[in-house]
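One structure is given below, encoded as structure tokens.
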Amino acid sequence: MLNEELFYQCVNPKNSLVVMPTTQVEKATTPQKIKEEPSSSWSTVKPQPKQSRYLLEIEEWTVEPESTAEVRFSAESVSITQSEHIMPTHSPRFVQRKDVINRIRILKLLALLGGITVGYAFNVSGGMFSIPIFLKKFPKVRRKINMAKRTNFCTYADFKSLMISSIIPLGASISVLPAHVLSNRWGRKPVLRIGLILLSVGSGLFAWLPLAFLGIVGSIMSGLGSGITNQVIPIICSELAPEENLSVLYGYQSLGGFVVLGIYLIASYSPKWVWRVPFGILCFLAVVLLVISFFIDESPRCLIQQDKVQAARHVFTKYRDPRKTIVDEEFAELEKAIEDEKKISAVKDLLSPQNRATLIIKAVAELVPQLLGASSLMFFGPLASTSVSSNSHILFITSAGAGLWGFLMTLFVSFFLLKRCGRRRVAIGSSFLTLLSQISLWVVLHFFANSHSDFTKPVAYTMIGAIALNYAGFNMLTNPYGWIKSSIEGPGGALADAWLKSLGPFMMVIMNVALIHMFCTIEAFVYVFTGFFAAFTTSFVYILVPEASQIGTYNMTRLIWMLQWFWKKFIKEEDLKFVKEEDSCSKQRV
């Protein structure tokens, strides 16, 4: 058995395997052929760079027959005979692949559970001041609410109560940009753990709530923690496993909204626990994510930026399948990309011409859905339901039903509609659907509803149908895949993600406060205001958003933006920094 000789191997046109020892390369005039049996089917010999050892101690090459075989080598001849033990299950190659799959599964769990937790946190504090037992913790607000004059369009809500119910999205909006800066300095994992600790402690305090002051502190901590989590988890997933597109799993935040509304419905049957159980479960979710964070690695990008190149290479290899990726080549590209990013300011790159179209479209996609009046649906939805049913739990049933309906529409778009219609058509159809529902709501409320008495059943049923239509359009418009596939590459990419993630929660806070006062002043004409933004969204997507689902990110500028009648005005040929046009593969930022 030859343990030290390096064999040269090749395959002739007839698939016969050729093997020569190095000591005989110069002397041999013709290579020696493997003796084949007609009944056997053998696969070709594939190079394996010092990863595998089978029965023979050959480090450079591995034999992978389709049927198991035993290989016997001698200095002068080579023969292959049938056997059952050539492919041991403990082969390092297969163990490594299994380990990669397990690590990817952990990242998928982190992405999915992270999206559910953030969606849960953004919805957990809505409508708290409509719960009588919760108001006992805030006696001054309770007295003012009981003394205030109410109509179907106006209810009392002072600035303090509105801000308490909006602290979590406000804190999330504020903490995103600091989380971006700190994660670049300290690394992704430490910042993620800080955010999850804040979220778990804050939600635990609010669930306990012995004093109103501690409830406010808990809300602030929960908001800051949810914002940090919302920023860091997608970056960790994209940098450890870019080819898996885990951001789609993270995008199912509507599932978190449905879960929290369902839990409120269940907890409503025990008034003492009606808000404690939802916040307690939020604390549990944060703790589970904190435990998962100890089973993932630090981002290779952060390790390279901290001059820990060998550690970065080790982590990079752990998350790459050797059958699909040339690890050394991809790691070298990552190192070069990081070096190139140091030469360009992140802000300058973010505002560069080739990123301008993507940035504007994604910013509109974050802002406009909040301007469509989704918060107002939660105002009139329970009111319409109480006109239909006298069930004491109808408010919670309505909210849970809306959450379920929204989640089902998200699944319908993600797994069915997008594949058949494309992102652009889905965005146009959903915004137009929202416009129709806004017009219907205005007509019903303005012409057929009374501001001082319950709605009649026909009016209530019509409103419920219009609200369901509006909610369907809203969830279709905010599906996890977005309006365009393009993303911002280079040093401005992470900054863009942080800025965009802060826009949505901030606009949510503004609309929560503004809509309450708008209902008291202009009543049903609120839906004329929100309908204007629905019409704007439909026109914007139709005119300025192209369909580019099959175009790779690095080819968007050359193949889409430079050919679109409006965006091409801002891009010049010398501004391009993308791959060659003939490269149709979609490269992703790592």
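How things are named: the first chain in the structure tokens is A, the next is B, and so on; residues count from 1 in each chain; ligands count from 1 in the order shown.
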Close residues, stretch 393-401 of chain A itself excluded, 6 Å, only C-alpha atoms, min 3 positions apart in chain, as a list in words: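 Once the nearby chain positions are removed, what remains is Leu261, Gly262, Leu265, Pro382 and Leu404 of chain A.
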Go ahead and write the selection's residues with N, CA and C atoms as a PDB file, in the first residue's frame.
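Below you can see out33.pdb, which holds the result:
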```pdb
ATOM      1  N   LEU A 261     -52.034  38.969  19.403  1.00  0.00           N
ATOM      2  CA  LEU A 261     -53.473  39.244  19.470  1.00  0.00           C
ATOM      3  C   LEU A 261     -54.255  37.999  19.887  1.00  0.00           C
ATOM      4  N   GLY A 262     -53.793  36.826  19.448  1.00  0.00           N
ATOM      5  CA  GLY A 262     -54.418  35.591  19.905  1.00  0.00           C
ATOM      6  C   GLY A 262     -54.221  35.358  21.389  1.00  0.00           C
ATOM      7  N   LEU A 265     -56.580  37.448  23.326  1.00  0.00           N
ATOM      8  CA  LEU A 265     -57.915  36.855  23.344  1.00  0.00           C
ATOM      9  C   LEU A 265     -58.013  35.778  24.414  1.00  0.00           C
ATOM     10  N   PRO A 382     -63.263  47.158  16.271  1.00  0.00           N
ATOM     11  CA  PRO A 382     -64.038  46.747  17.448  1.00  0.00           C
ATOM     12  C   PRO A 382     -65.394  47.441  17.533  1.00  0.00           C
ATOM     13  N   LEU A 404     -55.042  37.097  12.380  1.00  0.00           N
ATOM     14  CA  LEU A 404     -55.041  35.852  11.605  1.00  0.00           C
ATOM     15  C   LEU A 404     -55.236  36.138  10.117  1.00  0.00           C
TER      16      LEU A 404
END
```
For stretch 425-439 of chain A: contacts at 9 Å, only C-alpha atoms, fewer than 6 positions along chain excluded, given as JSON, numbers by chain: {"A": [372, 373, 413, 417, 418, 465, 466, 467, 468, 469, 470, 471, 472, 473, 474, 475, 476, 477, 478, 482, 483, 527, 528, 530, 531, 532, 533, 534, 535, 536, 537, 538, 539, 540, 541, 542, 547]}
Polymer residues at most 9 Å from A:Gly225, only C-alpha atoms, same-chain spacing of 6 or more positions, as a PyMOL selection string: chain A and resi 168+171-172+175+192+194-200+202
Writing out the chosen residues with C-alpha atoms as a PDB file, in the first residue's frame:
```pdb
ATOM      1  CA  ILE A 168     -42.006  50.352  22.282  1.00  0.00           C
ATOM      2  CA  GLY A 171     -37.724  53.126  21.416  1.00  0.00           C
ATOM      3  CA  ALA A 172     -37.188  50.723  18.540  1.00  0.00           C
ATOM      4  CA  SER A 175     -32.122  52.448  19.072  1.00  0.00           C
ATOM      5  CA  LEU A 192     -27.494  41.339  20.047  1.00  0.00           C
ATOM      6  CA  ILE A 194     -27.461  43.469  25.042  1.00  0.00           C
ATOM      7  CA  GLY A 195     -30.659  44.028  23.056  1.00  0.00           C
ATOM      8  CA  LEU A 196     -32.168  40.701  24.097  1.00  0.00           C
ATOM      9  CA  ILE A 197     -31.332  41.310  27.762  1.00  0.00           C
ATOM     10  CA  LEU A 198     -33.020  44.720  27.586  1.00  0.00           C
ATOM     11  CA  LEU A 199     -36.055  43.183  25.888  1.00  0.00           C
ATOM     12  CA  SER A 200     -36.400  40.324  28.379  1.00  0.00           C
ATOM     13  CA  GLY A 202     -38.190  45.263  30.186  1.00  0.00           C
TER      14      GLY A 202
END
```
List every residue of stretch 193-277 of chain A that has an atom at most 9 Å from any atom of stretch 299-323 of chain A, giving for each one its closest atom pair and the distance in Å to one decimal, counting only C-alpha atoms, sorted by chain and then by ascending residue number, as CSV.
```
residue,atom,partner,partner_atom,distance
A:Ile235,CA,A:Ser299,CA,8.7
A:Ile236,CA,A:Ser299,CA,6.2
A:Cys237,CA,A:Ser299,CA,8.8
A:Glu239,CA,A:Ser299,CA,6.1
A:Leu240,CA,A:Ser299,CA,6.0
A:Ala241,CA,A:Tyr319,CA,6.5
```
Pick from A:Phe570, A:Phe447, A:Phe279, A:Phe412 nearest to A:Ser203, counting only C-alpha atoms: A:Phe279
Distance in Å - atom CA of A:Ala363 versus atom CA of A:Leu515: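 Between these atoms lies a distance of 21.7 Å.
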Interatomic distance (Å, one decimal) between atom CA of A:Val259 and atom CA of A:Trp208: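 So the answer is 20.6 Å.
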Distance criterion (only C-alpha atoms): nearest to A:Pro480 out of A:Phe284, A:Phe407, A:Phe138, A:Phe331: A:Phe407
Spatial neighbours of A:Gly251, max dist 8 Å, only C-alpha atoms, sep filter under 4 positions, as a ChimeraX atom specification: /A:112,115,247,479-481
May I have the residues from that selection written out with C-alpha atoms, as a CSV table (one decimal), in the first residue's frame?
```csv
chain,number,residue,atom,x,y,z
A,112,LEU,CA,-37.8,33.2,12.1
A,115,GLY,CA,-39.0,38.2,13.2
A,247,SER,CA,-34.2,37.8,5.5
A,479,ASN,CA,-45.0,41.2,2.4
A,480,PRO,CA,-41.5,39.9,3.4
A,481,TYR,CA,-40.2,40.0,-0.2
```
Atom-to-atom span, atom CA of A:Gly218 and atom CA of A:Leu205, Å: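 Atom CA of A:Leu205 lies at a distance of 5.2 Å from atom CA of A:Gly218.
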All helix (DSSP H, G or I) residues (DSSP, backbone) inside stretch 384-511 of chain A, as number ranges by chain: A: 384-388, 394-447, 457-477, 492-511
Take the residues just selected and output them with C-alpha atoms as a CSV table (one decimal), in the first residue's frame.
```csv
chain,number,residue,atom,x,y,z
A,384,ALA,CA,-68.3,47.7,14.2
A,385,SER,CA,-68.0,44.4,15.9
A,386,THR,CA,-69.8,45.5,19.0
A,387,SER,CA,-72.7,46.7,16.7
A,388,VAL,CA,-73.0,43.1,15.4
A,394,ILE,CA,-65.7,40.8,21.0
A,395,LEU,CA,-63.0,43.4,21.1
A,396,PHE,CA,-60.3,40.7,21.5
A,397,ILE,CA,-62.0,38.4,19.1
A,398,THR,CA,-62.0,41.1,16.4
A,399,SER,CA,-58.3,41.9,17.0
A,400,ALA,CA,-57.2,38.3,16.9
A,401,GLY,CA,-59.3,37.7,13.7
A,402,ALA,CA,-57.6,40.7,12.1
A,403,GLY,CA,-54.2,39.3,13.0
A,404,LEU,CA,-55.0,35.9,11.6
A,405,TRP,CA,-56.4,37.4,8.4
A,406,GLY,CA,-53.3,39.5,7.9
A,407,PHE,CA,-51.0,36.5,8.4
A,408,LEU,CA,-53.0,34.3,6.0
A,409,MET,CA,-52.7,37.1,3.4
A,410,THR,CA,-49.0,37.3,3.9
A,411,LEU,CA,-48.7,33.5,3.3
A,412,PHE,CA,-50.9,33.7,0.3
A,413,VAL,CA,-48.7,36.4,-1.3
A,414,SER,CA,-45.4,34.8,-0.4
A,415,PHE,CA,-46.1,31.2,-1.6
A,416,PHE,CA,-48.6,31.8,-4.4
A,417,LEU,CA,-49.2,35.3,-5.7
A,418,LEU,CA,-45.6,36.5,-6.1
A,419,LYS,CA,-44.6,33.5,-8.2
A,420,ARG,CA,-47.4,34.1,-10.6
A,421,CYS,CA,-47.7,37.9,-10.7
A,422,GLY,CA,-44.3,39.3,-9.6
A,423,ARG,CA,-43.5,41.9,-7.0
A,424,ARG,CA,-44.6,44.9,-9.0
A,425,ARG,CA,-48.0,43.6,-9.9
A,426,VAL,CA,-48.6,42.5,-6.3
A,427,ALA,CA,-47.7,46.0,-5.0
A,428,ILE,CA,-49.9,47.7,-7.5
A,429,GLY,CA,-52.9,45.4,-6.8
A,430,SER,CA,-52.6,45.6,-3.0
A,431,SER,CA,-52.3,49.4,-3.0
A,432,PHE,CA,-55.3,49.7,-5.4
A,433,LEU,CA,-57.2,47.3,-3.1
A,434,THR,CA,-56.4,49.5,-0.2
A,435,LEU,CA,-57.7,52.6,-2.1
A,436,LEU,CA,-61.0,50.9,-2.8
A,437,SER,CA,-61.5,50.0,0.8
A,438,GLN,CA,-60.6,53.6,2.0
A,439,ILE,CA,-63.3,55.0,-0.4
A,440,SER,CA,-65.8,52.4,0.8
A,441,LEU,CA,-65.2,53.3,4.5
A,442,TRP,CA,-65.5,57.0,3.8
A,443,VAL,CA,-68.8,56.5,2.0
A,444,VAL,CA,-70.3,54.3,4.7
A,445,LEU,CA,-69.1,56.5,7.7
A,446,HIS,CA,-70.0,59.8,6.1
A,447,PHE,CA,-73.4,59.0,4.6
A,457,LYS,CA,-76.1,45.9,11.3
A,458,PRO,CA,-76.0,46.5,7.5
A,459,VAL,CA,-73.6,49.4,8.1
A,460,ALA,CA,-71.5,47.3,10.6
A,461,TYR,CA,-71.3,44.4,8.2
A,462,THR,CA,-70.3,46.7,5.3
A,463,MET,CA,-67.6,48.2,7.5
A,464,ILE,CA,-66.2,44.9,8.5
A,465,GLY,CA,-66.0,43.8,4.9
A,466,ALA,CA,-64.2,47.1,3.9
A,467,ILE,CA,-61.8,46.8,6.9
A,468,ALA,CA,-61.0,43.2,6.0
A,469,LEU,CA,-60.3,44.4,2.4
A,470,ASN,CA,-58.1,47.2,3.7
A,471,TYR,CA,-56.2,44.8,6.0
A,472,ALA,CA,-55.6,42.4,3.2
A,473,GLY,CA,-54.2,45.1,1.0
A,474,PHE,CA,-52.0,46.3,3.8
A,475,ASN,CA,-50.4,42.9,4.5
A,476,MET,CA,-50.0,42.2,0.8
A,477,LEU,CA,-48.2,45.5,0.4
A,492,GLY,CA,-23.6,52.1,2.6
A,493,GLY,CA,-25.7,48.9,2.7
A,494,ALA,CA,-25.7,48.3,6.5
A,495,LEU,CA,-26.3,52.1,7.1
A,496,ALA,CA,-29.2,51.9,4.7
A,497,ASP,CA,-30.7,48.9,6.5
A,498,ALA,CA,-30.5,50.7,9.8
A,499,TRP,CA,-32.0,54.0,8.5
A,500,LEU,CA,-34.9,52.2,6.8
A,501,LYS,CA,-35.6,50.1,9.9
A,502,SER,CA,-36.0,53.3,11.9
A,503,LEU,CA,-38.5,54.9,9.5
A,504,GLY,CA,-41.3,52.4,9.9
A,505,PRO,CA,-41.6,52.4,13.7
A,506,PHE,CA,-41.2,56.2,13.9
A,507,MET,CA,-44.0,56.8,11.4
A,508,MET,CA,-46.1,54.3,13.3
A,509,VAL,CA,-45.8,56.4,16.5
A,510,ILE,CA,-46.7,59.6,14.6
A,511,MET,CA,-49.8,58.0,13.0
```
For stretch 121-124 of chain A: contacts at 7 Å, only C-alpha atoms, fewer than 4 positions along chain excluded, given as an MDAnalysis selection string: chainID A and resid 117 168:169 226 257 260 278 282
Nearest residue to A:Ser161 from the set A:Ser268, A:Ser125, A:Gln370, A:Thr557 (distances using only C-alpha atoms):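 Among A:Ser268, A:Ser125, A:Gln370, A:Thr557, it is A:Ser125 that comes nearest to A:Ser161.
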